[in-house]
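With CSV, C-alpha atoms inside, this is input-v8.csv:
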```csv
chain,number,residue,atom,x,y,z
U,1446,MET,CA,109.2,139.8,106.6
U,1447,LYS,CA,112.3,137.6,106.3
U,1448,ASN,CA,110.7,134.9,108.4
U,1449,LYS,CA,107.3,135.2,106.9
U,1450,ILE,CA,105.4,131.9,106.6
U,1451,HIS,CA,103.3,131.4,103.5
U,1452,LYS,CA,100.2,129.4,104.3
U,1453,TYR,CA,98.8,127.1,101.6
U,1454,ASP,CA,96.0,124.6,101.4
U,1455,PHE,CA,97.8,121.9,99.3
U,1456,LEU,CA,101.3,120.9,98.4
U,1457,ILE,CA,101.5,118.6,95.5
U,1458,VAL,CA,104.8,116.7,95.2
U,1459,GLY,CA,105.3,115.8,91.5
U,1460,ALA,CA,104.5,117.8,88.4
U,1461,GLY,CA,103.7,114.9,86.1
U,1462,LEU,CA,100.4,114.6,84.3
U,1463,ILE,CA,98.3,113.5,87.3
U,1464,GLY,CA,100.0,115.8,89.8
U,1465,ALA,CA,99.6,118.8,87.5
U,1466,ILE,CA,96.0,118.0,86.6
U,1467,ALA,CA,95.2,117.6,90.4
U,1468,ALA,CA,96.7,121.1,91.0
U,1469,LEU,CA,94.6,122.7,88.2
U,1470,ALA,CA,91.4,121.0,89.6
U,1471,LEU,CA,92.1,122.3,93.1
U,1472,VAL,CA,92.9,125.8,91.9
U,1473,GLN,CA,89.6,125.7,90.0
U,1474,LYS,CA,87.9,125.1,93.4
U,1475,LYS,CA,89.6,128.2,94.7
U,1476,PHE,CA,92.3,126.5,96.9
U,1477,LYS,CA,95.8,127.8,97.4
U,1478,VAL,CA,98.1,125.2,95.8
U,1479,LEU,CA,101.8,124.8,95.3
U,1480,VAL,CA,103.5,122.2,93.1
U,1481,ILE,CA,107.1,121.1,93.5
U,1482,ASP,CA,109.1,118.9,91.2
U,1483,LYS,CA,112.8,117.9,91.1
U,1484,LYS,CA,112.9,118.5,87.3
U,1485,ASN,CA,113.0,122.0,85.7
U,1486,PHE,CA,112.3,120.7,82.2
U,1487,ILE,CA,109.6,118.7,80.3
U,1488,LEU,CA,110.4,115.1,79.8
U,1489,LYS,CA,110.4,113.9,76.2
U,1490,ASP,CA,107.7,111.4,76.3
U,1491,ASN,CA,106.6,110.2,72.8
U,1492,ARG,CA,104.2,107.6,74.0
U,1493,THR,CA,100.4,107.8,73.7
U,1494,LEU,CA,97.7,107.8,76.4
U,1495,ALA,CA,94.3,106.1,76.3
U,1496,VAL,CA,91.9,108.6,77.8
U,1497,ASN,CA,88.5,107.2,78.6
U,1498,ALA,CA,85.2,109.2,78.4
U,1499,ASN,CA,85.2,110.1,82.1
U,1500,SER,CA,88.7,111.5,81.9
U,1501,VAL,CA,87.8,113.5,78.9
U,1502,ASP,CA,85.0,115.1,80.9
U,1503,LEU,CA,87.5,116.4,83.5
U,1504,LEU,CA,90.0,117.6,80.9
U,1505,LYS,CA,87.2,119.6,79.2
U,1506,GLN,CA,86.2,121.1,82.5
U,1507,LEU,CA,89.8,122.3,83.0
U,1508,GLY,CA,90.1,123.8,79.6
U,1509,ILE,CA,92.7,121.3,78.4
U,1510,TRP,CA,91.0,118.9,76.0
U,1511,ASN,CA,90.1,121.3,73.2
U,1512,ASN,CA,93.5,122.8,73.1
U,1513,LEU,CA,95.6,119.7,72.4
U,1514,LYS,CA,98.0,120.1,69.5
U,1515,SER,CA,97.2,116.8,67.8
U,1516,LYS,CA,93.6,115.8,67.3
U,1517,PRO,CA,92.6,113.0,69.6
U,1518,GLN,CA,92.0,109.6,67.9
U,1519,PRO,CA,88.6,108.1,69.0
U,1520,ILE,CA,88.2,104.5,70.1
U,1521,ASP,CA,84.8,103.5,68.7
U,1522,LYS,CA,85.2,99.7,69.1
U,1523,ILE,CA,87.4,97.3,71.1
U,1524,PHE,CA,88.1,93.8,69.8
U,1525,ILE,CA,89.3,91.2,72.4
U,1526,LYS,CA,90.8,88.0,71.1
U,1527,ASP,CA,92.7,85.0,72.5
U,1528,ASP,CA,93.9,81.6,71.5
U,1529,ILE,CA,91.2,79.8,73.4
U,1530,SER,CA,87.9,81.2,72.0
U,1531,ARG,CA,87.0,81.1,68.3
U,1532,LYS,CA,85.3,84.5,67.9
U,1533,PRO,CA,86.3,87.9,69.3
U,1534,LEU,CA,84.5,89.8,72.0
U,1535,ILE,CA,83.4,93.2,70.6
U,1536,PHE,CA,82.7,96.2,72.8
U,1537,GLN,CA,81.0,99.3,71.4
U,1538,ASN,CA,79.0,102.1,72.8
U,1539,GLU,CA,76.4,103.6,70.5
U,1540,HIS,CA,76.2,107.1,72.1
U,1541,GLU,CA,79.8,108.2,72.4
U,1542,SER,CA,83.4,107.0,71.8
U,1543,MET,CA,84.7,104.7,74.5
U,1544,GLY,CA,87.8,106.7,74.7
U,1545,ASN,CA,90.5,108.6,72.8
U,1546,VAL,CA,94.2,108.2,72.2
U,1547,ILE,CA,96.4,111.3,72.5
U,1548,PHE,CA,100.1,112.0,72.7
U,1549,ASN,CA,101.5,112.4,76.2
U,1550,LYS,CA,103.7,115.3,75.3
U,1551,ASP,CA,100.7,117.3,73.9
U,1552,MET,CA,98.8,117.2,77.2
U,1553,TYR,CA,101.9,117.5,79.3
U,1554,GLY,CA,103.0,120.7,77.5
U,1555,LEU,CA,99.5,122.2,78.1
U,1556,VAL,CA,99.3,121.5,81.8
U,1557,ARG,CA,102.9,122.5,82.4
U,1558,LYS,CA,102.2,125.9,80.7
U,1559,LYS,CA,99.1,126.4,82.9
U,1560,LEU,CA,101.1,125.7,86.1
U,1561,LEU,CA,103.7,128.3,85.0
U,1562,TYR,CA,101.0,130.8,84.1
U,1563,LEU,CA,99.4,130.4,87.5
U,1564,LYS,CA,102.9,130.7,89.1
U,1565,ILE,CA,102.3,127.7,91.3
U,1566,LEU,CA,105.2,125.5,90.1
U,1567,LYS,CA,108.6,125.3,91.9
U,1568,THR,CA,111.2,123.1,90.3
U,1569,ASP,CA,114.6,121.9,91.4
U,1570,ASN,CA,113.1,120.7,94.6
U,1571,ASN,CA,114.0,117.1,95.5
U,1572,PHE,CA,112.7,116.6,99.1
U,1573,GLU,CA,112.7,113.3,100.9
U,1574,ILE,CA,109.1,112.4,101.4
U,1575,ASN,CA,109.7,111.2,104.9
U,1576,ASP,CA,110.8,114.8,105.8
U,1577,LEU,CA,107.5,116.3,104.7
U,1578,SER,CA,104.6,116.8,107.0
U,1579,PRO,CA,101.3,118.7,106.9
U,1580,ASN,CA,101.1,121.9,109.1
U,1581,LYS,CA,104.9,121.9,109.5
U,1582,ALA,CA,107.1,124.6,108.2
U,1583,LEU,CA,109.0,123.8,105.0
U,1584,LYS,CA,111.6,125.9,103.2
U,1585,ILE,CA,111.2,126.0,99.4
U,1586,ASN,CA,113.4,128.2,97.3
U,1587,LYS,CA,114.4,130.1,100.5
U,1588,LYS,CA,110.8,130.8,101.6
U,1589,ASN,CA,108.9,129.2,104.4
U,1590,TYR,CA,105.6,127.4,103.7
U,1591,VAL,CA,103.0,125.6,105.7
U,1592,PHE,CA,100.5,123.2,104.0
U,1593,LYS,CA,97.3,121.8,105.4
U,1594,LYS,CA,97.4,118.8,103.0
U,1595,ILE,CA,100.3,117.1,101.1
U,1596,VAL,CA,99.5,115.2,97.9
U,1597,ILE,CA,102.1,112.7,96.6
U,1598,SER,CA,102.2,112.2,92.9
U,1599,ILE,CA,105.6,110.9,92.0
U,1600,GLY,CA,104.6,107.9,90.0
U,1601,LYS,CA,105.8,104.4,90.4
U,1602,ASN,CA,108.9,105.6,92.2
U,1603,ILE,CA,107.0,105.5,95.4
U,1604,ILE,CA,107.6,101.7,95.7
U,1605,SER,CA,111.3,102.3,96.3
U,1606,ASN,CA,110.5,103.9,99.6
U,1607,THR,CA,109.8,101.3,102.2
U,1608,TYR,CA,108.3,103.9,104.6
U,1609,HIS,CA,105.1,103.8,102.5
U,1610,LYS,CA,104.7,100.0,103.0
U,1611,SER,CA,103.5,99.2,99.6
U,1612,ILE,CA,102.0,95.9,98.7
U,1613,ILE,CA,104.2,94.9,95.8
U,1614,PHE,CA,103.4,92.2,93.2
U,1615,ASP,CA,106.6,91.9,91.3
U,1616,GLN,CA,106.5,89.2,88.6
U,1617,GLN,CA,109.4,90.5,86.7
U,1618,HIS,CA,107.2,91.6,83.8
U,1619,PHE,CA,108.2,94.2,81.2
U,1620,SER,CA,106.2,96.2,78.7
U,1621,TYR,CA,107.3,97.1,75.2
U,1622,VAL,CA,105.9,100.2,73.6
U,1623,GLY,CA,106.2,101.5,70.0
U,1624,PHE,CA,104.5,102.7,66.8
U,1625,PHE,CA,103.9,101.4,63.3
U,1626,LYS,CA,102.3,102.7,60.1
U,1627,HIS,CA,100.0,100.5,58.1
U,1628,SER,CA,98.5,100.5,54.6
U,1629,LYS,CA,94.8,100.1,55.7
U,1630,VAL,CA,92.9,102.6,57.9
U,1631,HIS,CA,92.4,101.4,61.5
U,1632,ASN,CA,88.7,102.5,61.6
U,1633,ASN,CA,89.1,103.7,65.2
U,1634,ILE,CA,89.2,100.1,66.5
U,1635,ALA,CA,91.4,99.0,69.4
U,1636,TYR,CA,92.6,95.4,69.8
U,1637,GLU,CA,93.6,93.4,72.8
U,1638,PHE,CA,95.2,90.0,72.1
U,1639,PHE,CA,95.7,87.6,75.0
U,1640,THR,CA,98.6,85.3,74.2
U,1641,ASN,CA,100.2,82.6,76.3
U,1642,HIS,CA,103.1,84.9,77.0
U,1643,GLY,CA,101.3,88.1,77.7
U,1644,PRO,CA,98.7,90.6,76.4
U,1645,LEU,CA,99.2,92.7,73.2
U,1646,ALA,CA,97.2,95.9,72.8
U,1647,VAL,CA,97.0,97.8,69.5
U,1648,LEU,CA,95.5,101.3,69.6
U,1649,PRO,CA,94.8,103.9,66.9
U,1650,SER,CA,97.4,106.6,67.1
U,1651,PRO,CA,96.7,110.3,66.3
U,1652,ALA,CA,97.2,110.7,62.5
U,1653,VAL,CA,95.1,112.5,59.9
U,1654,ASN,CA,95.1,109.5,57.5
U,1655,LYS,CA,94.2,107.0,60.2
U,1656,LYS,CA,97.1,104.8,59.2
U,1657,LYS,CA,99.2,104.9,62.3
U,1658,SER,CA,98.9,102.8,65.4
U,1659,THR,CA,100.6,102.2,68.7
U,1660,PHE,CA,101.2,99.0,70.6
U,1661,ILE,CA,102.0,97.8,74.1
U,1662,TYR,CA,103.0,94.2,74.7
U,1663,SER,CA,103.8,92.9,78.2
U,1664,SER,CA,105.4,89.7,79.3
U,1665,LYS,CA,107.8,88.1,81.7
U,1666,ASN,CA,109.5,86.3,78.8
U,1667,LYS,CA,112.4,88.0,77.0
U,1668,ILE,CA,111.6,89.0,73.5
U,1669,ASN,CA,113.7,90.8,70.9
U,1670,LYS,CA,112.5,93.4,68.4
U,1671,ILE,CA,112.4,90.9,65.5
U,1672,GLU,CA,110.2,88.5,67.5
U,1673,LEU,CA,107.9,91.2,68.7
U,1674,LYS,CA,107.4,92.6,65.2
U,1675,LYS,CA,106.6,89.1,64.0
U,1676,LEU,CA,104.1,88.6,66.7
U,1677,ILE,CA,102.3,91.9,65.9
U,1678,LYS,CA,102.3,91.2,62.2
U,1679,THR,CA,100.8,87.7,62.9
U,1680,LYS,CA,97.9,89.3,64.8
U,1681,ILE,CA,96.9,92.3,62.8
U,1682,THR,CA,98.2,92.1,59.2
U,1683,SER,CA,94.8,91.1,58.0
U,1684,SER,CA,93.1,94.1,59.6
U,1685,HIS,CA,95.9,96.7,59.1
U,1686,GLY,CA,97.6,95.6,55.9
U,1687,LYS,CA,101.4,96.1,55.4
U,1688,LEU,CA,103.2,97.3,58.6
U,1689,THR,CA,106.1,99.7,58.8
U,1690,PHE,CA,107.5,99.9,62.4
U,1691,ASP,CA,109.2,103.0,63.9
U,1692,HIS,CA,112.8,102.3,64.9
U,1693,SER,CA,112.4,103.0,68.6
U,1694,ILE,CA,110.7,100.4,70.8
U,1695,GLN,CA,110.8,101.4,74.5
U,1696,LYS,CA,111.0,98.9,77.4
U,1697,PHE,CA,109.6,99.5,80.9
U,1698,PRO,CA,109.4,97.4,84.1
U,1699,ILE,CA,105.9,96.5,85.4
U,1700,ILE,CA,105.6,96.3,89.2
U,1701,PRO,CA,102.0,96.4,90.3
U,1702,HIS,CA,101.5,97.8,93.8
U,1703,LEU,CA,99.1,99.3,96.3
U,1704,VAL,CA,100.1,101.8,98.9
U,1705,LYS,CA,98.6,101.3,102.4
U,1706,LYS,CA,96.7,104.1,104.2
U,1707,ASN,CA,98.8,106.9,105.6
U,1708,ASP,CA,97.4,109.7,107.7
U,1709,LYS,CA,100.2,112.2,106.6
U,1710,PHE,CA,99.7,112.1,102.9
U,1711,ILE,CA,97.2,111.8,100.1
U,1712,TYR,CA,98.5,109.5,97.3
U,1713,ILE,CA,97.2,109.9,93.8
U,1714,GLY,CA,97.9,108.2,90.4
U,1715,ASP,CA,100.7,105.6,90.3
U,1716,SER,CA,101.8,106.7,93.7
U,1717,LEU,CA,98.6,105.2,95.1
U,1718,LYS,CA,98.5,102.2,92.9
U,1719,SER,CA,100.0,100.7,89.8
U,1720,ILE,CA,98.2,97.9,87.9
U,1721,HIS,CA,99.1,95.6,85.1
U,1722,PRO,CA,98.5,97.4,81.7
U,1723,VAL,CA,96.3,94.6,80.5
U,1724,ALA,CA,93.2,96.7,81.1
U,1725,GLY,CA,94.6,100.0,79.9
U,1726,GLN,CA,93.0,101.9,82.8
U,1727,GLY,CA,96.0,102.9,85.0
U,1728,TRP,CA,96.1,106.6,84.1
U,1729,ASN,CA,92.3,106.9,84.1
U,1730,LEU,CA,92.2,105.6,87.7
U,1731,GLY,CA,94.5,108.5,88.5
U,1732,VAL,CA,91.9,110.9,87.1
U,1733,LYS,CA,89.3,109.2,89.4
U,1734,ASP,CA,91.6,109.8,92.3
U,1735,ILE,CA,91.5,113.5,91.5
U,1736,GLN,CA,87.7,113.5,91.1
U,1737,THR,CA,87.2,111.7,94.4
U,1738,LEU,CA,89.4,114.2,96.2
U,1739,CYS,CA,87.4,117.0,94.7
U,1740,LYS,CA,84.1,115.3,95.7
U,1741,ILE,CA,85.3,114.8,99.3
U,1742,ILE,CA,86.2,118.5,99.4
U,1743,ASP,CA,82.7,119.4,98.5
U,1744,GLN,CA,81.4,117.3,101.4
U,1745,TYR,CA,83.9,118.0,104.2
U,1746,THR,CA,86.4,120.7,105.1
U,1747,ILE,CA,90.1,119.8,104.4
U,1748,ASP,CA,90.7,120.2,108.1
U,1749,ALA,CA,88.3,117.4,109.0
U,1750,LYS,CA,90.1,114.7,110.9
U,1751,LYS,CA,88.6,111.9,108.9
U,1752,PHE,CA,89.4,113.5,105.5
U,1753,ASN,CA,92.3,111.3,104.6
U,1754,SER,CA,90.5,108.2,105.8
U,1755,ILE,CA,87.5,108.8,103.7
U,1756,TYR,CA,89.7,109.4,100.6
U,1757,TYR,CA,91.5,106.1,101.1
U,1758,SER,CA,88.4,104.1,101.9
U,1759,ARG,CA,86.9,105.3,98.6
U,1760,ARG,CA,89.9,105.0,96.3
U,1761,MET,CA,91.5,101.8,97.7
U,1762,PHE,CA,88.3,99.8,97.1
U,1763,GLU,CA,88.3,100.4,93.3
U,1764,SER,CA,92.1,100.3,93.1
U,1765,THR,CA,92.1,96.9,94.8
U,1766,ILE,CA,89.5,95.5,92.4
U,1767,TYR,CA,91.5,96.6,89.4
U,1768,PHE,CA,94.8,95.4,91.0
U,1769,SER,CA,93.3,92.0,91.7
U,1770,PHE,CA,91.4,91.6,88.4
U,1771,THR,CA,94.4,92.6,86.1
U,1772,SER,CA,96.8,90.4,88.1
U,1773,LEU,CA,94.4,87.4,88.0
U,1774,LEU,CA,93.7,87.8,84.3
U,1775,ASN,CA,97.3,88.0,83.5
U,1776,PHE,CA,98.1,84.9,85.6
U,1777,LEU,CA,95.2,82.9,84.0
U,1778,TYR,CA,96.5,83.4,80.5
U,1779,GLU,CA,100.2,83.1,81.2
U,1780,SER,CA,99.9,79.9,83.3
U,1781,ASN,CA,98.1,78.1,80.5
U,1782,PHE,CA,96.7,75.3,82.8
U,1783,ALA,CA,93.6,73.4,81.6
U,1784,LEU,CA,91.6,74.6,84.6
U,1785,ASN,CA,92.6,78.2,83.9
U,1786,ASN,CA,91.4,77.8,80.3
U,1787,GLU,CA,88.0,76.6,81.5
U,1788,PHE,CA,87.7,79.7,83.8
U,1789,ILE,CA,88.5,81.9,80.8
U,1790,LYS,CA,85.9,80.1,78.6
U,1791,VAL,CA,83.2,80.6,81.2
U,1792,GLY,CA,83.9,84.3,81.5
U,1793,TYR,CA,84.3,84.8,77.8
U,1794,THR,CA,81.0,83.0,77.1
U,1795,ALA,CA,79.1,85.0,79.8
U,1796,LEU,CA,80.3,88.3,78.2
U,1797,LYS,CA,79.4,87.0,74.7
U,1798,ASN,CA,75.9,85.9,75.6
U,1799,PHE,CA,74.7,88.5,78.1
U,1800,LYS,CA,74.4,92.0,76.8
U,1801,SER,CA,73.7,93.5,80.3
U,1802,LEU,CA,77.0,92.1,81.5
U,1803,ARG,CA,78.8,93.4,78.5
U,1804,ASP,CA,77.2,96.9,79.0
U,1805,VAL,CA,78.6,97.0,82.5
U,1806,PHE,CA,82.1,96.2,81.2
U,1807,ILE,CA,81.7,99.0,78.6
U,1808,LYS,CA,80.6,101.6,81.2
U,1809,GLN,CA,83.4,100.6,83.5
U,1810,ALA,CA,86.0,100.9,80.7
U,1811,MET,CA,84.6,104.4,79.9
U,1812,GLY,CA,84.7,105.4,83.6
U,1813,ARG,CA,81.0,105.8,83.7
U,1814,ILE,CA,80.5,103.6,86.7
U,1815,ASN,CA,81.6,104.9,90.2
U,1816,LEU,CA,82.1,102.0,92.5
U,1817,THR,CA,82.5,104.1,95.6
U,1818,ASP,CA,79.8,106.8,95.3
```

As structure tokens, the full file:
Amino acid sequence: MKNKIHKYDFLIVGAGLIGAIAALALVQKKFKVLVIDKKNFILKDNRTLAVNANSVDLLKQLGIWNNLKSKPQPIDKIFIKDDISRKPLIFQNEHESMGNVIFNKDMYGLVRKKLLYLKILKTDNNFEINDLSPNKALKINKKNYVFKKIVISIGKNIISNTYHKSIIFDQQHFSYVGFFKHSKVHNNIAYEFFTNHGPLAVLPSPAVNKKKSTFIYSSKNKINKIELKKLIKTKITSSHGKLTFDHSIQKFPIIPHLVKKNDKFIYIGDSLKSIHPVAGQGWNLGVKDIQTLCKIIDQYTIDAKKFNSIYYSRRMFESTIYFSFTSLLNFLYESNFALNNEFIKVGYTALKNFKSLRDVFIKQAMGRINLTD
């Protein structure tokens, strides 16, 4: 028994939110799954997460959504404003909330607990991805394993590994994330302000009194805390009242990328693609990766030779669209050329005047449109 080989269907590398949720979805489909992670503790992540309607569906299916510690804060309307157009664009769905805002740590704690309960998580395992291979013996915690499929979910760190031949679009952008309290209720409205230096998103944060919000501002220009707070106050004091900012404002690099097709691995989440946060859909696209993987499993066996190719053909199409759209939108506003402004006006006017086009954008934001099915 010393040299016994444990045979599994899936190895998932990375126990972050997307990797853990993928594991739970595959276990629900009766597959034998093992998750490995280099960390044996839960990261302290105090940020929020915008979860669209489609992602909520999957989280409910997995028994996660209704057990969150803090009540999710619905997004009932989205106001989009810029310095070019006079009136804002307003997006609203009459039948359900367009999304919800939750705390990362709430969901991460739940999914981590589920992995431990199922006994499918092995920590303190820091393998070089290049050394992993499907159907090849791998020693984990002194036991030998063989996996039919290897799923990579290690976040944006994937771009540091040139083996994966990522298409990298590094514009030296950074995002700034924080919270503030306000004297007026937010009315479950999210705001997106397109400035000449980068987009500013303000979202309702979970709070019983509806007087707390979170923000994310991204730009290639350096900005200090005083300047950032002044910018936010300028944009939303009229709607939110007096603002009181939390002391901590976090800064993160933004490096959009796409990973090219690879026959050895299945990439999901930010390991497959990372997009500019202007659209707020990065995490939700990771959920769609999981859903696509599960749909393909329903149509083919995991031993099928074309399994990985089908997955990539479906996911890279939508990922490339988002990658291109968010990068272009960010470029148009930051460049501030006269011709760019005309392009923006045309698009803005079309969304303003044509309800059918606006409805498509709303459904896409909610994850209710599948571009690859």

* Structure fact -> atom CA of U:Phe1614 sits from atom CA of U:Lys1675 at a separation of 29.5 Å

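Residue nearest U:Ser1530 within the list U:Ile1789, U:Leu1560, U:Leu1738, U:Ile1457: U:Ile1789 [criterion: smallest interatomic distance, all atoms listed in the file].
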
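Ranking U:Phe1782, U:Phe1768, U:Phe1476, U:Tyr1453 by their shortest atom-to-atom distance to U:Asp1715, with only C-alpha atoms included, puts U:Phe1768 first.
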
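For the set U:Val1704, U:Leu1802, U:Leu1688, U:Ala1495, the residue with the smallest atom-to-atom gap to U:His1627 is U:Leu1688, counting all atoms listed in the file.
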
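Using only C-alpha atoms, the protein and nucleic acid residues lying no more than 12 Å from U:Lys1706, apart from those fewer than 2 places from it along its own chain, are U:Tyr1608, U:His1609, U:Lys1610, U:Ser1611, U:Ile1612, U:Leu1703, U:Val1704, U:Asp1708, U:Lys1709, U:Phe1710, U:Ile1711, U:Tyr1712, U:Ile1713, U:Ser1716, U:Leu1717, U:Lys1718, U:Phe1752, U:Asn1753, U:Ser1754, U:Ile1755, U:Tyr1756, U:Tyr1757, U:Ser1758, U:Arg1759, U:Arg1760, U:Met1761, U:Phe1762.
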
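Residues in contact range of U:Met1811, defined as at most 10 Å between all atoms listed in the file, with sequence neighbours fewer than 2 positions away removed, read U:Val1496, U:Asn1497, U:Ala1498, U:Asn1499, U:Ser1500, U:Val1501, U:Asn1538, U:Glu1541, U:Ser1542, U:Met1543, U:Gly1544, U:Gln1726, U:Asn1729, U:Val1805, U:Phe1806, U:Ile1807, U:Lys1808, U:Gln1809, U:Arg1813, U:Ile1814.
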
Filtering to C-alpha atoms, could you give me those residues as a short mmCIF file (atom, residue, chain, number, x, y, z; two decimals), in the coordinates of the input?
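For reference, again16.cif as written:
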```
data_model
loop_
_atom_site.label_atom_id
_atom_site.label_comp_id
_atom_site.auth_asym_id
_atom_site.auth_seq_id
_atom_site.Cartn_x
_atom_site.Cartn_y
_atom_site.Cartn_z
CA VAL U 1496 91.90 108.60 77.80
CA ASN U 1497 88.50 107.20 78.60
CA ALA U 1498 85.20 109.20 78.40
CA ASN U 1499 85.20 110.10 82.10
CA SER U 1500 88.70 111.50 81.90
CA VAL U 1501 87.80 113.50 78.90
CA ASN U 1538 79.00 102.10 72.80
CA GLU U 1541 79.80 108.20 72.40
CA SER U 1542 83.40 107.00 71.80
CA MET U 1543 84.70 104.70 74.50
CA GLY U 1544 87.80 106.70 74.70
CA GLN U 1726 93.00 101.90 82.80
CA ASN U 1729 92.30 106.90 84.10
CA VAL U 1805 78.60 97.00 82.50
CA PHE U 1806 82.10 96.20 81.20
CA ILE U 1807 81.70 99.00 78.60
CA LYS U 1808 80.60 101.60 81.20
CA GLN U 1809 83.40 100.60 83.50
CA ARG U 1813 81.00 105.80 83.70
CA ILE U 1814 80.50 103.60 86.70
#
```

* To do: Pick out the residues sitting within 9 Å of U:Leu1645, and hand them over as a PyMOL selection string; count all atoms listed in the file, and ignore anything fewer than 2 positions along from it in its own chain.
  => chain U and resi 1636-1640+1643+1647+1660-1663+1677+1723

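Across the model, the gap from atom CA of U:Asn1785 to atom CA of U:Leu1773 is 10.2 Å.
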
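Atom CA of U:Phe1548 lies 17.5 Å from atom CA of U:Phe1690.
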
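The shell of residues at most 10 Å from stretch 1791-1795 of chain U, with only C-alpha atoms counted and near chain neighbours (fewer than 6 positions) removed, consists of Ile1525, Lys1526, Asp1527, Ile1529, Ser1530, Lys1532, Pro1533, Leu1534, Leu1802 and Arg1803 of chain U.
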
* **Contacts of stretch 1506-1512 of chain U within 12 Å, all atoms listed in the file, excl. fewer than 5 positions in-chain, as a VMD selection string** => chain U and resid 1462 1465 to 1474 1496 1498 to 1501 1517 1545 to 1548 1551 to 1559 1736

* Identify which of the residues U:Arg1531, U:Lys1593, U:Lys1670, U:His1631 lies closest to U:Asn1580, counting only C-alpha atoms when measuring atom-to-atom distances. => U:Lys1593

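Of the residues listed (U:Asn1549, U:Val1630, U:Leu1494, U:Leu1479), U:Val1630 shows the shortest atom-to-atom separation from U:Val1653; distances use only C-alpha atoms.
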
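Of the listed residues U:Lys1514, U:Lys1629, U:Leu1456, U:Ile1741, the one whose atoms come nearest to U:Ile1585 is U:Leu1456, with distances taken using only C-alpha atoms.
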
Using the incomplete input, complete stretch 1528-1542 of chain U to the level of N, CA and C atoms; output as a PDB file, keeping the file's coordinate frame.
```
ATOM      1  N   ASP U1528      93.653  82.865  72.179  1.00  0.00           N
ATOM      2  CA  ASP U1528      93.900  81.600  71.500  1.00  0.00           C
ATOM      3  C   ASP U1528      92.998  80.486  71.942  1.00  0.00           C
ATOM      4  N   ILE U1529      92.058  80.810  72.831  1.00  0.00           N
ATOM      5  CA  ILE U1529      91.200  79.800  73.400  1.00  0.00           C
ATOM      6  C   ILE U1529      89.800  79.835  72.737  1.00  0.00           C
ATOM      7  N   SER U1530      89.276  81.042  72.555  1.00  0.00           N
ATOM      8  CA  SER U1530      87.900  81.200  72.000  1.00  0.00           C
ATOM      9  C   SER U1530      88.018  81.477  70.484  1.00  0.00           C
ATOM     10  N   ARG U1531      87.029  81.007  69.767  1.00  0.00           N
ATOM     11  CA  ARG U1531      87.000  81.100  68.300  1.00  0.00           C
ATOM     12  C   ARG U1531      86.750  82.559  67.827  1.00  0.00           C
ATOM     13  N   LYS U1532      85.707  83.161  68.398  1.00  0.00           N
ATOM     14  CA  LYS U1532      85.300  84.500  67.900  1.00  0.00           C
ATOM     15  C   LYS U1532      85.692  85.566  68.920  1.00  0.00           C
ATOM     16  N   PRO U1533      85.921  86.768  68.419  1.00  0.00           N
ATOM     17  CA  PRO U1533      86.300  87.900  69.300  1.00  0.00           C
ATOM     18  C   PRO U1533      85.160  88.427  70.100  1.00  0.00           C
ATOM     19  N   LEU U1534      85.473  89.040  71.229  1.00  0.00           N
ATOM     20  CA  LEU U1534      84.500  89.800  72.000  1.00  0.00           C
ATOM     21  C   LEU U1534      84.569  91.254  71.374  1.00  0.00           C
ATOM     22  N   ILE U1535      83.427  91.858  71.140  1.00  0.00           N
ATOM     23  CA  ILE U1535      83.400  93.200  70.600  1.00  0.00           C
ATOM     24  C   ILE U1535      82.647  94.122  71.526  1.00  0.00           C
ATOM     25  N   PHE U1536      83.307  95.175  71.944  1.00  0.00           N
ATOM     26  CA  PHE U1536      82.700  96.200  72.800  1.00  0.00           C
ATOM     27  C   PHE U1536      82.515  97.466  72.058  1.00  0.00           C
ATOM     28  N   GLN U1537      81.313  98.013  72.153  1.00  0.00           N
ATOM     29  CA  GLN U1537      81.000  99.300  71.400  1.00  0.00           C
ATOM     30  C   GLN U1537      79.904 100.002  72.161  1.00  0.00           C
ATOM     31  N   ASN U1538      80.056 101.311  72.266  1.00  0.00           N
ATOM     32  CA  ASN U1538      79.000 102.100  72.800  1.00  0.00           C
ATOM     33  C   ASN U1538      78.381 102.973  71.718  1.00  0.00           C
ATOM     34  N   GLU U1539      77.068 102.943  71.638  1.00  0.00           N
ATOM     35  CA  GLU U1539      76.400 103.600  70.500  1.00  0.00           C
ATOM     36  C   GLU U1539      76.297 105.112  70.657  1.00  0.00           C
ATOM     37  N   HIS U1540      76.458 105.636  71.863  1.00  0.00           N
ATOM     38  CA  HIS U1540      76.200 107.100  72.100  1.00  0.00           C
ATOM     39  C   HIS U1540      77.427 107.946  72.062  1.00  0.00           C
ATOM     40  N   GLU U1541      78.591 107.402  72.380  1.00  0.00           N
ATOM     41  CA  GLU U1541      79.800 108.200  72.400  1.00  0.00           C
ATOM     42  C   GLU U1541      81.019 107.269  72.257  1.00  0.00           C
ATOM     43  N   SER U1542      82.157 107.828  71.894  1.00  0.00           N
ATOM     44  CA  SER U1542      83.400 107.000  71.800  1.00  0.00           C
ATOM     45  C   SER U1542      83.734 106.494  73.209  1.00  0.00           C
TER      46      SER U1542
END
```
